[in-house]
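Shown next: query06.tsv, given as TSV, C-alpha atoms.
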```tsv
chain	number	residue	atom	x	y	z
N	1	MET	CA	155.50	122.61	126.11
N	2	ALA	CA	155.32	118.85	125.99
N	3	GLU	CA	158.48	116.98	126.90
N	4	VAL	CA	160.76	116.17	124.00
N	5	GLY	CA	160.11	112.59	122.91
N	6	SER	CA	159.85	110.81	119.60
N	7	ARG	CA	160.21	113.33	116.81
N	8	PRO	CA	158.91	113.66	113.24
N	9	PRO	CA	161.53	113.29	110.47
N	10	THR	CA	162.86	116.87	110.66
N	11	ALA	CA	163.55	119.38	113.42
N	12	GLN	CA	161.36	121.93	111.64
N	13	GLN	CA	158.38	119.57	111.61
N	14	PHE	CA	158.91	118.83	115.29
N	15	VAL	CA	159.11	122.52	116.21
N	16	LEU	CA	156.15	123.39	114.00
N	17	GLY	CA	154.00	120.76	115.71
N	18	GLU	CA	155.06	121.81	119.21
N	19	VAL	CA	154.46	125.54	118.69
N	20	ARG	CA	151.14	124.92	116.92
N	21	ARG	CA	150.07	122.67	119.80
N	22	ALA	CA	151.05	125.32	122.36
N	23	ILE	CA	148.93	127.91	120.54
N	24	THR	CA	145.88	125.73	119.97
N	25	SER	CA	145.96	124.43	123.56
N	26	GLY	CA	146.09	127.95	124.99
N	27	GLU	CA	149.55	127.49	126.50
N	28	LEU	CA	150.64	130.40	124.29
N	29	ARG	CA	147.71	132.80	124.51
N	30	PRO	CA	146.68	135.46	121.98
N	31	GLY	CA	149.06	138.42	122.10
N	32	THR	CA	151.87	136.46	123.79
N	33	ALA	CA	155.38	137.34	122.60
N	34	ILE	CA	157.37	134.35	121.36
N	35	ARG	CA	160.87	134.44	122.87
N	36	GLN	CA	162.84	132.57	120.27
N	37	GLU	CA	166.01	131.92	122.24
N	38	ALA	CA	164.15	130.56	125.27
N	39	LEU	CA	161.79	128.49	123.12
N	40	ALA	CA	164.61	127.01	121.05
N	41	GLY	CA	166.39	126.03	124.26
N	42	ARG	CA	163.24	124.48	125.68
N	43	LEU	CA	162.76	122.38	122.55
N	44	GLU	CA	166.49	121.55	122.32
N	45	VAL	CA	166.83	122.84	118.76
N	46	SER	CA	168.72	125.66	117.07
N	47	ARG	CA	166.92	128.85	116.13
N	48	VAL	CA	167.01	127.97	112.42
N	49	PRO	CA	164.14	125.40	112.44
N	50	LEU	CA	162.26	127.60	114.89
N	51	ARG	CA	162.45	130.59	112.53
N	52	GLU	CA	161.23	128.43	109.63
N	53	ALA	CA	158.37	127.06	111.74
N	54	LEU	CA	157.35	130.58	112.76
N	55	LYS	CA	157.28	131.68	109.12
N	56	THR	CA	154.95	128.77	108.36
N	57	LEU	CA	152.70	129.69	111.29
N	58	GLU	CA	152.67	133.30	110.13
N	59	GLY	CA	151.41	132.08	106.76
N	60	GLU	CA	148.68	130.12	108.55
N	61	GLY	CA	147.61	133.21	110.47
N	62	LEU	CA	148.56	131.86	113.90
N	63	VAL	CA	151.39	134.32	114.58
N	64	THR	CA	152.30	137.80	113.43
N	65	TYR	CA	155.71	139.43	112.94
N	66	ARG	CA	156.72	143.06	113.44
N	67	ALA	CA	160.20	144.44	112.87
N	68	HIS	CA	162.13	145.05	116.10
N	69	ARG	CA	159.36	143.33	118.10
N	70	GLY	CA	159.49	139.80	116.75
N	71	TYR	CA	156.73	137.22	116.67
N	72	ARG	CA	153.54	137.16	118.71
N	73	VAL	CA	150.57	134.85	118.82
N	74	VAL	CA	147.91	136.49	116.67
N	75	GLU	CA	145.43	138.64	118.56
N	76	LEU	CA	142.08	139.29	116.88
N	77	SER	CA	139.60	142.02	117.61
N	78	MET	CA	136.00	140.99	118.22
N	79	ALA	CA	135.16	142.43	114.79
N	80	ASP	CA	137.82	140.18	113.22
N	81	LEU	CA	136.47	137.14	115.05
N	82	ARG	CA	132.87	137.85	114.05
N	83	GLU	CA	133.93	138.28	110.43
N	84	VAL	CA	135.73	134.93	110.41
N	85	TYR	CA	132.79	133.14	112.01
N	86	ARG	CA	130.34	134.77	109.59
N	87	LEU	CA	132.40	133.54	106.65
N	88	ARG	CA	132.52	130.10	108.23
N	89	GLU	CA	128.74	130.12	108.62
N	90	ILE	CA	128.25	130.76	104.91
N	91	LEU	CA	130.88	128.36	103.61
N	92	GLU	CA	130.33	125.52	106.06
N	93	ALA	CA	126.59	125.52	105.35
N	94	GLU	CA	127.41	124.92	101.69
N	95	ALA	CA	129.82	122.14	102.59
N	96	VAL	CA	127.26	120.42	104.85
N	97	ARG	CA	124.50	120.64	102.23
N	98	ALA	CA	126.80	119.18	99.59
N	99	ALA	CA	128.08	116.45	101.91
N	100	VAL	CA	124.82	115.08	103.32
N	101	PRO	CA	123.61	113.33	100.13
N	102	LEU	CA	127.04	111.70	99.83
N	103	LEU	CA	127.36	110.41	103.39
N	104	ASP	CA	127.94	106.69	103.76
N	105	GLU	CA	128.71	104.44	106.71
N	106	ALA	CA	132.45	105.00	106.34
N	107	VAL	CA	132.11	108.77	106.75
N	108	LEU	CA	129.56	108.42	109.53
N	109	GLY	CA	131.92	106.03	111.26
N	110	ARG	CA	134.72	108.62	111.10
N	111	LEU	CA	132.39	111.25	112.50
N	112	GLU	CA	131.34	109.02	115.37
N	113	ALA	CA	134.95	108.05	116.14
N	114	ALA	CA	135.98	111.71	116.24
N	115	GLN	CA	132.97	112.53	118.41
N	116	ALA	CA	133.96	109.80	120.86
N	117	GLU	CA	137.39	111.46	121.12
N	118	VAL	CA	135.78	114.87	121.61
N	119	GLU	CA	133.65	113.52	124.46
N	120	ARG	CA	136.53	111.73	126.14
N	121	ALA	CA	138.77	114.82	125.96
N	122	ALA	CA	135.94	117.09	127.12
N	123	GLY	CA	135.41	114.95	130.19
N	124	GLU	CA	139.12	115.02	131.00
N	125	GLY	CA	139.51	118.75	130.33
N	126	ALA	CA	142.19	117.95	127.73
N	127	VAL	CA	141.85	121.12	125.66
N	128	ALA	CA	144.48	120.40	123.00
N	129	VAL	CA	143.22	116.85	122.46
N	130	MET	CA	139.65	118.08	122.25
N	131	ALA	CA	140.62	120.76	119.72
N	132	GLY	CA	142.27	118.16	117.49
N	133	ALA	CA	139.33	115.75	117.72
N	134	ASN	CA	136.86	118.58	117.09
N	135	ARG	CA	138.70	119.52	113.93
N	136	ARG	CA	138.71	115.90	112.74
N	137	PHE	CA	134.96	115.73	113.37
N	138	HIS	CA	134.12	118.81	111.32
N	139	PHE	CA	136.57	118.19	108.50
N	140	ALA	CA	135.49	114.57	108.07
N	141	LEU	CA	132.12	116.08	107.16
N	142	PHE	CA	133.45	118.93	105.01
N	143	GLU	CA	135.71	116.60	103.04
N	144	ALA	CA	132.74	114.36	102.25
N	145	ALA	CA	131.38	117.24	100.13
N	146	ALA	CA	134.07	116.47	97.51
N	147	MET	CA	134.81	120.19	97.12
N	148	PRO	CA	138.55	120.46	97.94
N	149	ARG	CA	138.89	124.19	97.22
N	150	LEU	CA	136.03	124.96	99.59
N	151	VAL	CA	137.61	122.76	102.27
N	152	ARG	CA	140.95	124.57	101.90
N	153	ILE	CA	139.29	127.97	102.37
N	154	ILE	CA	137.42	126.75	105.44
N	155	GLY	CA	140.69	125.34	106.80
N	156	THR	CA	142.35	128.75	106.47
N	157	LEU	CA	139.53	130.35	108.44
N	158	TRP	CA	139.85	127.71	111.17
N	159	ASP	CA	143.61	128.25	111.36
N	160	SER	CA	143.15	131.96	111.97
N	161	THR	CA	141.06	131.38	115.12
N	162	ASP	CA	142.76	128.32	116.60
N	163	ALA	CA	144.22	130.35	119.45
N	164	TYR	CA	140.72	131.42	120.50
N	165	ARG	CA	139.15	127.97	120.29
N	166	SER	CA	141.25	126.89	123.26
N	167	LEU	CA	139.89	129.80	125.31
N	168	TYR	CA	136.37	128.54	124.68
N	169	TYR	CA	137.20	124.92	125.49
N	170	ALA	CA	138.76	125.94	128.79
N	171	GLY	CA	135.29	126.28	130.33
N	172	ASP	CA	133.59	123.12	131.62
N	173	GLN	CA	130.14	124.31	130.57
N	174	ASN	CA	131.41	125.25	127.10
N	175	ARG	CA	132.82	121.77	126.61
N	176	ARG	CA	129.47	120.26	127.62
N	177	HIS	CA	127.72	122.48	125.07
N	178	VAL	CA	130.10	121.32	122.34
N	179	VAL	CA	129.40	117.67	123.13
N	180	ALA	CA	125.62	118.18	123.12
N	181	GLU	CA	125.64	120.23	119.90
N	182	HIS	CA	127.81	117.66	118.13
N	183	ARG	CA	125.48	114.86	119.19
N	184	ALA	CA	122.44	116.74	117.86
N	185	ALA	CA	124.17	117.57	114.56
N	186	LEU	CA	125.34	113.97	114.19
N	187	ALA	CA	121.78	112.72	114.71
N	188	ALA	CA	120.57	115.08	111.97
N	189	LEU	CA	123.32	113.86	109.64
N	190	ARG	CA	122.39	110.23	110.25
N	191	ALA	CA	118.79	111.10	109.41
N	192	GLY	CA	119.86	112.79	106.17
N	193	ASP	CA	118.56	116.14	107.47
N	194	ALA	CA	121.00	118.66	105.99
N	195	GLU	CA	119.07	121.74	107.14
N	196	GLY	CA	118.76	120.37	110.65
N	197	ALA	CA	122.51	119.80	110.78
N	198	VAL	CA	123.17	123.30	109.43
N	199	ARG	CA	120.98	124.79	112.17
N	200	TRP	CA	122.84	122.89	114.88
N	201	PHE	CA	126.23	123.93	113.51
N	202	ASP	CA	125.05	127.55	113.31
N	203	ARG	CA	124.03	127.34	116.97
N	204	HIS	CA	127.38	125.72	117.76
N	205	ARG	CA	129.38	128.60	116.24
N	206	ALA	CA	127.11	131.31	117.66
N	207	ALA	CA	127.55	130.00	121.21
N	208	ALA	CA	131.33	130.11	120.83
N	209	VAL	CA	131.34	133.65	119.42
N	210	GLU	CA	129.11	135.07	122.14
N	211	THR	CA	131.12	133.42	124.92
N	212	LEU	CA	134.38	134.67	123.44
N	213	ALA	CA	132.91	138.16	123.06
N	214	GLY	CA	132.43	138.27	126.81
N	215	GLN	CA	136.08	137.31	127.35
N	216	ILE	CA	137.65	139.54	124.69
N	217	GLU	CA	135.59	142.63	125.37
N	218	ALA	CA	135.72	142.31	129.18
```
Could I get this structure in the form of structure tokens?
Amino acid sequence: MAEVGSRPPTAQQFVLGEVRRAITSGELRPGTAIRQEALAGRLEVSRVPLREALKTLEGEGLVTYRAHRGYRVVELSMADLREVYRLREILEAEAVRAAVPLLDEAVLGRLEAAQAEVERAAGEGAVAVMAGANRRFHFALFEAAAMPRLVRIIGTLWDSTDAYRSLYYAGDQNRRHVVAEHRAALAALRAGDAEGAVRWFDRHRAAAVETLAGQIEA
């Protein structure tokens, strides 16, 4: 966990952010039991805000709860992961196609700024930072589609696999692939080529799924 520093307005928000960061960075890996007493002590908070934060994360699909066993970081089967990525393929293609005719310099600027963060974090091996920048990159595009319900559904699918994204970003070669695929998709977006961008994003997701399959099924 990161050292305790400046905090958001409430203890629950602070704890929620720290636990989410630990999951998305891979510090808490899929299947890991969450020891509430030790974690509360580490974060210098009572167990009350921690319990509330864990309930929120359960709702987001990042942790699961079982009676007498407590909370664990969600662990997906390969079938689960493939299903989520297939749904993302269908929905994100619609978002990209709707967004491309509406792209302006402001949106493209946000995409390029997020991509610069992705590349910087990839070079430094900063997995959590890269995950955050990657999400900003993709959602800047999705939100340009002006279809908020679609964006919310896509966000839920992303939340459910956050713990696995960090496993993919842990590999140097995987991070290089992400950078290259983003650059190609961004070039297609700048050219107004929606189908070209869709193809690059499909390739982007497929590479992640196949790499993760090798790790999960090994």
Shell of 7 Å around range 83-90 of chain N, only C-alpha atoms, local chain residues under 6 positions omitted, as a PyMOL selection string = chain N and resi 154+157+202
Ala145 in chain N: which residues within 7 Å, counting all atoms listed in the file, same-chain residues fewer than 2 positions away excluded, as JSON, numbers by chain?
-> {"N": [95, 98, 99, 142, 143, 147]}
Nearest residue to Gly70 in chain N from the set N:Thr156, N:Val107, N:Ala33, N:Ala40 (distances using only C-alpha atoms) = N:Ala33
Test item: residues at most 12 Å from Gly109 in chain N, all atoms listed in the file, excluding those fewer than 5 positions along its chain, as a VMD selection string | chain N and resid 103 to 104 114 to 116 137 140 to 141 186 189 to 190
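Picture a line from CA of His204 in chain N to CA of Asn174 in chain N; it runs 10.2 Å.
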